[in-house]
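Engineer: This structure is in structure tokens; I'll ask about it shortly.
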Amino acid sequence: MASSSTVQGLDSAIDAIRSENPSLETLSFYQLRDSDTSCFRDTEKSLNINIPELRKNDDSFLNILQVLNENTTLKSLDFNRVRWSIHEVKELCNVVKRSSSLKRLSFQQSYLNSDGVKMLADMLRKNSVVKELSFSDSAIGPTGACAIASALKINECLEELQIWEDSIGSKGAEELAKMIEANSSLRRLILLDMQSIAAYPLVSATLGRNRNLELQVWNRESKEKNAKVVELIPSNKVLRIYRIDTSGSYRIACALARNNTIENMDISGNHINSKCAQEFRRVLQENRTLKHLNMSNTGMSDKGVSYIAAALFSNHTLQSLQLERNPMGGEGIDRLLCPLSRFKPGQPQANTSLKSLSIGGPQNKMGSSGVNALVQMISTNQSLLKFAINDDRSMGAADFIKILVALQRNAALKSLSLKGCKGVAGDAVLEAIMDTLQVNPWLEEIDLNGTPLQASGKTDLVHQRLGQNANAEPQIDFLEDMAMTVPKTARVFLCGQEFAGKTTLCNSILQSFARAKIPSVDQIKTLVNPVEPITRTQGIKIKVLEDDDTRISIWDLAGQHEFHAFHDLMFPGRGSPSFFLIICSLFRKPDNRQPKQHQELEEDIVYWLRFIVSNSRRAESFLTHVTVVFTHIDKTSESSELYLSAVQCVYRLRDRFSGFVELSPTVYTVDARSSGSVNKVAHHVQQTAKTILERVPKIYQVCDDLRLLLFKWKSEHSNKPVMRWEEFAQLCQTKVPALRIQSRYDDPQKVEERRRAIACSLHKAGEIIYFQELDFIIVNCEWFCEEVLGRLVRLNSRSQSTLDPQQRGFTTRKELEVILRESLQGSVPGFGPRIFENVHPSDLVSMMMKLELCYEQDPGNHNSKLFIPAILEEGRYKPQTWQLGGSGYIYTGRHFECDDSNHTFLTPGFFPRLQVHLYNKILGSGNRQSATYKLEKNLISIVINGIDIRVELAGEMGYYIDILACSSQDLNETLKVLNQVVVESILRLCASYAGCQGVLLVQGILRPQCVHDLVPPRYRKGQFVLVEYLKQELLSVPADSIYNYQHTWSAVAEGRSFILGAGFDYARDLLGEEEFRDVLQRRYHDLYRLAVELDVPSANDIPDSQGARNDDDDEEENEDGSVSPTVAGIAKGVEKVLERLKIIERDLQDIKQEIQGLRYYEHNLLMELHRKLNNLINFSVQLEERKVPHMFYFVRGDSGFAKRLVTDIVSGMTALQLHLLCEYRRELHVVDGQLGCNLMKVDNRTVQSILPYLNGFMKMLTFALKVGAHVVAGMGEMIPDLSREVAKLAESSFLSGAGDAAIHHIAETTTRALTVRSGNVNYRSRYVNYRPLDVTQFRAAQQWLVDFLKSQRCLNGKAIVEKFGLWRVRYTDDGQIAWICHRHKEYGIRINEVIELPID
């Protein structure tokens, strides 16, 4: 502890210094005027020494300094009021040089002349121990500061420098600044100077060099008061400037622009003129780390604020900006908020990084321009989280109400401060706040302190509502509980070829409705014989008619073929309230009387029926309704042959398309120009619309509410055909409670999904056009369908015909924007010049690209040409050649066709979108690969990774696509590229909403010779084999024939000349390794299922030949080793084969080895199975001494092998046939030409007797025949899965009596068997409760067979030979009896295997 004892005299002081017990760490010197040298301890580790002021002949201080050289523990030296001589300074430097522990030197009011400071500086250059150096009122001046700075440029040890109350001047400050630039070890610098100007170079150097230096600069304002000028705290990355002039701001701004350490800067309270603000604009433009800036109370005017606002356009790091208490006006506010606002839908917000902004103050003068700017910013900003308008005196209650109403459309702001604003007063403002909080759940805080509203005590309601928003529970999916309603809008599509009279009919229908509502005499006269305009619809025209509370929109589809590529974009989805009228003219041209032939009429109708089916996903509960209307009946009569032929055509097509569409049985014939003639059609449209609206699924009530809101919005914004998605979302938030985010805890993503679901529903209803790939909604459907799409097609005829063939299909972005701009100013009423504020032509170009209607030739280049495949024209035929080719190339091809080409086809819009889709996948932005890509009307040519790929659309009306490939790679790599690049794209696009949802594509393999020779499509249309068909062929051949199986191709001839001769290819080369392995796996799977279904026990349960048997095995195996006639007993013998099969599946390496193992184990399994089936056949020889066969089955019809096997035997069934199998021990099979016996009716006794036999024996037989179908001739695919069929019998209501128990027992057993799955399973544990077919059940089936044959007088051998073609034989080796066919009988007698028994 401290010892206050005083030591007198020099000797005592020296002894105290030399004494190291306790260790001396701090030594302080005090120079006193009237005092001798003395010392005393302040603490155990500190010592104070008083030295005299007059030391001319006194060397005591010098002696003490010399003694310090002997001390090794001293860490700090303090000198107070010491006047130094040159010798004393020199000795001090020696002390510092020799000390290894001294860390701190402090000089307070200690005079060091210039020579002393220089000596001290020279010592510091080489010192590597001292960490802290402090001068306080020591008169070092600019010269001393320069010397110290010069030394510290070299010193790499000093960490802290303090210079207090020494006027170092600008010169000293500049040298210290240079030192900061060179020195990287200094961590703290504190300066108190008479002039604040000394701070600027220090701050500038620290910021410019990004030094991790704590800097404090103070200024002496008076003798008793110091003021801080600058404070820089690197640990908090904070810079605070308390006093600065114009010159200082320039210098600091220049350094701060390059700084990357400061994040928080406070310059509030300093005067910043416009020039200073201009410098800080550069700071914000260039600095990338500054996050928080406080410029409050700086006196900035509108001009200064404008500079800060300009910087916000390019700054993307600043998060908080405070500009309170600045004399800003409306102009400054307008410019400040400009980068935080959006002025057009879809326009990006310039600054999205700023999260907090504060403005306001008594000097603010908002004005109307400022209020409007505030409203615009709050309603459109998507980034600000905190916004404050504090102490405003210029705005009134009406202004704040506008701001609060705008806040209802803001989904980002969480905190709003209106503290001290005098205009926040009155009930109207309170009501506006409550309404805003009702709509806006994201607002968490409203600061109303100091407002008249708080003074009146009315803010409690606001806080209560904020608390409710904060504590609200996350809402469950409220769509589940929403009210449902019948839809009130329906669409009718008018389809037909050009000049069919669709537009005229549409106008007449509208007039018919109008005439019914307004029976004016003048209107009636004008409607009797209207003039038919021969015009051609461009795109799709939409007309709307109202019928009570039902709204019917008529979509008139252009008949010209070039428009068909765009029609399927507008087709309704499944369950949509819509129907179709197919308009067909009875005459070829509207201006002549040349009737169409019967075939022409049918082709017209079939085309549109297939078009409708191909674009409609089938729903069994709701088929698309179609009505056929024949026009130009005025040129013929309903009794004419033409009319009757047309009606009969519709009736035939009604049967043909049954199950695909609901084709109306009523055929309408009209004169489209006559309103009276059209009345029936109009009435049909009216009634059909109401019927369909009742049949389709109900919709949410919110859909109908939103439809009315959109109608109102469209009427209020007649010059806006497009609504941005954020506008739609805001409409939902403010006007539709069911689609509103109620609480800040609601999941915005879920609400967004609900809104998009509702938008999709409105799209299906034809109210809007919306695709999820786009961020806007088209509310004026007629404008888009007629003006936009129509002008796109007209681009074809306007400019494409004059282009070079290589440039056809291409157009510039500028030209396309001109076309779309014309569409924006088209004939749709209500469009004014301000339409471009809402939608720009470039938006429509982006929409077309997202919808895959076009693509950029050079993605990412704004000047790139655009390619629109849909406007390509058919070119002249030219010889087709491969771009690659030669020796060593392989050729392969794939074929995709509609599974049902009679009812579906690939619509005209599918292939153009596929052309764009493939381009985007291969060469699109972000997916650029080294590939070439060329397009023609029905061709895509790609060269990628050494593979030349051709994708061709072919077939009548394009119902199939061929993929041809010439490759330098091997077959497997080529097929992999084809699947990844082309096949996946075709299948995905076909299943998408923009594809052909009603089309199912099946895959085939093209003949390689066709691919090699590039045979035209008309010749190769039959030169393919379906993949599944080829696989089934491989599954039906013996295992040893799979590898070398060849598929045979037929010849192709035209007249007497052959295009292609007959040939063959190996199936393994056609399929490829992956598909070929799939065939082998399926073969293995069949073997595996056979073993599993036969209840194979585990290996540990099989008794060896020497060991004892388990008790469970007594039931399956007899004492003499023979197999018990049960399913489990028969299956037991194949377990070892199954185990070997599993080993083969794990260890096989290549295809040939797999086939070899498959062949071996399949043979063993089948031979073992046949052997044990033979034992079962010969079981109980005493039963009628095998006078009748035992292997029987049932079929329907006259030809047993040509019909399906009967497995669902139920009481009351009739017209069945019983057949018998050949029981040859190595090859069970169906006997060709067997007559069989008729079973007229199935009774309960029959069911009870033979159903267990079918479930047990026949189930086992089914799987045996499935696996070895090549052995059992004649069965093939006739055999179903018996276990699944028998399981259904348990639910049959036809069974009664004793048969019920047996059926339920069998069904239960079957159900347990079906639970076994492929893989590693414990078979024994799965079948612990398995009850196999016992002897009694087998005897019952055999006895039933004997009784049945007796009733058919077919019990003797002669009758069996006549009806079943079976002869009774005995095997010579074991004496067993069997019934076999003539072929096997002759073969067995020839090899002395069997002897024929006499025929009874």
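Chain lettering (A, B, ...) mirrors the order of the structure tokens, residue numbering begins at 1 for each chain separately, and ligand numbering begins at 1 in order of display.
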From segment 861-1079 of chain A, collect each residue whose DSSP state is strand (DSSP E or B) and return the set as a ChimeraX atom specification.
Structural biologist: /A:865-867,890-898,931-936,939-944,947-954,960-967,1001-1006,1024-1026,1046-1049,1052-1054,1057-1060,1063-1066
Engineer: Find the spatial neighbours of segment 758-773 of chain A, counting only C-alpha atoms, within a cut-off of 6 Å - ignore same-chain residues fewer than 4 positions away - and output them as a PDB file with all heavy atoms, in the first residue's frame.
Structural biologist:
ATOM      1  N   PRO A 572     -58.559 -21.105 -72.606  1.00  0.00           N
ATOM      2  CA  PRO A 572     -58.904 -21.232 -71.185  1.00  0.00           C
ATOM      3  C   PRO A 572     -58.287 -22.480 -70.576  1.00  0.00           C
ATOM      4  O   PRO A 572     -57.973 -23.457 -71.252  1.00  0.00           O
ATOM      5  CB  PRO A 572     -60.435 -21.323 -71.195  1.00  0.00           C
ATOM      6  CG  PRO A 572     -60.744 -21.924 -72.535  1.00  0.00           C
ATOM      7  CD  PRO A 572     -59.710 -21.385 -73.482  1.00  0.00           C
ATOM      8  N   GLY A 573     -58.111 -22.436 -69.248  1.00  0.00           N
ATOM      9  CA  GLY A 573     -57.605 -23.592 -68.528  1.00  0.00           C
ATOM     10  C   GLY A 573     -58.725 -24.541 -68.148  1.00  0.00           C
ATOM     11  O   GLY A 573     -59.902 -24.310 -68.431  1.00  0.00           O
ATOM     12  N   SER A 576     -62.492 -23.851 -66.593  1.00  0.00           N
ATOM     13  CA  SER A 576     -62.846 -22.457 -66.856  1.00  0.00           C
ATOM     14  C   SER A 576     -64.249 -22.378 -67.451  1.00  0.00           C
ATOM     15  O   SER A 576     -64.636 -23.216 -68.263  1.00  0.00           O
ATOM     16  CB  SER A 576     -61.831 -21.844 -67.819  1.00  0.00           C
ATOM     17  OG  SER A 576     -62.246 -20.573 -68.234  1.00  0.00           O
ATOM     18  N   ILE A 777     -50.102  -6.853 -65.235  1.00  0.00           N
ATOM     19  CA  ILE A 777     -51.361  -7.460 -65.650  1.00  0.00           C
ATOM     20  C   ILE A 777     -51.940  -6.629 -66.789  1.00  0.00           C
ATOM     21  O   ILE A 777     -51.942  -5.396 -66.730  1.00  0.00           O
ATOM     22  CB  ILE A 777     -52.354  -7.500 -64.464  1.00  0.00           C
ATOM     23  CG1 ILE A 777     -51.857  -8.455 -63.383  1.00  0.00           C
ATOM     24  CG2 ILE A 777     -53.734  -7.906 -64.920  1.00  0.00           C
ATOM     25  CD1 ILE A 777     -52.681  -8.389 -62.123  1.00  0.00           C
ATOM     26  N   ILE A 778     -52.406  -7.312 -67.810  1.00  0.00           N
ATOM     27  CA  ILE A 778     -53.052  -6.626 -68.920  1.00  0.00           C
ATOM     28  C   ILE A 778     -54.549  -6.577 -68.630  1.00  0.00           C
ATOM     29  O   ILE A 778     -55.222  -7.617 -68.604  1.00  0.00           O
ATOM     30  CB  ILE A 778     -52.774  -7.347 -70.247  1.00  0.00           C
ATOM     31  CG1 ILE A 778     -51.269  -7.349 -70.531  1.00  0.00           C
ATOM     32  CG2 ILE A 778     -53.535  -6.683 -71.390  1.00  0.00           C
ATOM     33  CD1 ILE A 778     -50.870  -8.191 -71.707  1.00  0.00           C
ATOM     34  N   VAL A 779     -55.062  -5.395 -68.359  1.00  0.00           N
ATOM     35  CA  VAL A 779     -56.468  -5.249 -68.001  1.00  0.00           C
ATOM     36  C   VAL A 779     -57.330  -5.002 -69.236  1.00  0.00           C
ATOM     37  O   VAL A 779     -58.542  -5.215 -69.193  1.00  0.00           O
ATOM     38  CB  VAL A 779     -56.656  -4.108 -66.977  1.00  0.00           C
ATOM     39  CG1 VAL A 779     -56.011  -4.472 -65.661  1.00  0.00           C
ATOM     40  CG2 VAL A 779     -56.083  -2.798 -67.498  1.00  0.00           C
TER      41      VAL A 779
END
Engineer: Could you make a table, as a Markdown table, of the residues of segment 900-964 of chain A that have an atom within 10 Å of an atom of segment 615-638 of chain A, each with its nearest atom pair and distance in Å to one decimal, counting only C-alpha atoms, in chain and number order?
Structural biologist:
| residue | atom | partner | partner_atom | distance |
| --- | --- | --- | --- | --- |
| A:Thr904 | CA | A:Asn615 | CA | 8.7 |
| A:Phe905 | CA | A:Asn615 | CA | 9.3 |
| A:Leu906 | CA | A:Asn615 | CA | 9.0 |
| A:Thr907 | CA | A:Asn615 | CA | 7.9 |
Engineer: Excluding same-chain residues fewer than 4 positions from Ala149 of chain A, what lies within 9 Å of it counting only C-alpha atoms, as a ChimeraX atom specification?
Structural biologist: /A:121,144-145,153,172,175-180
Engineer: So which residues touch Arg33 of chain A within 10 Å, counting only C-alpha atoms, skipping near sequence neighbours fewer than 5 positions away, as a VMD selection string?
Structural biologist: chain A and resid 50 to 54
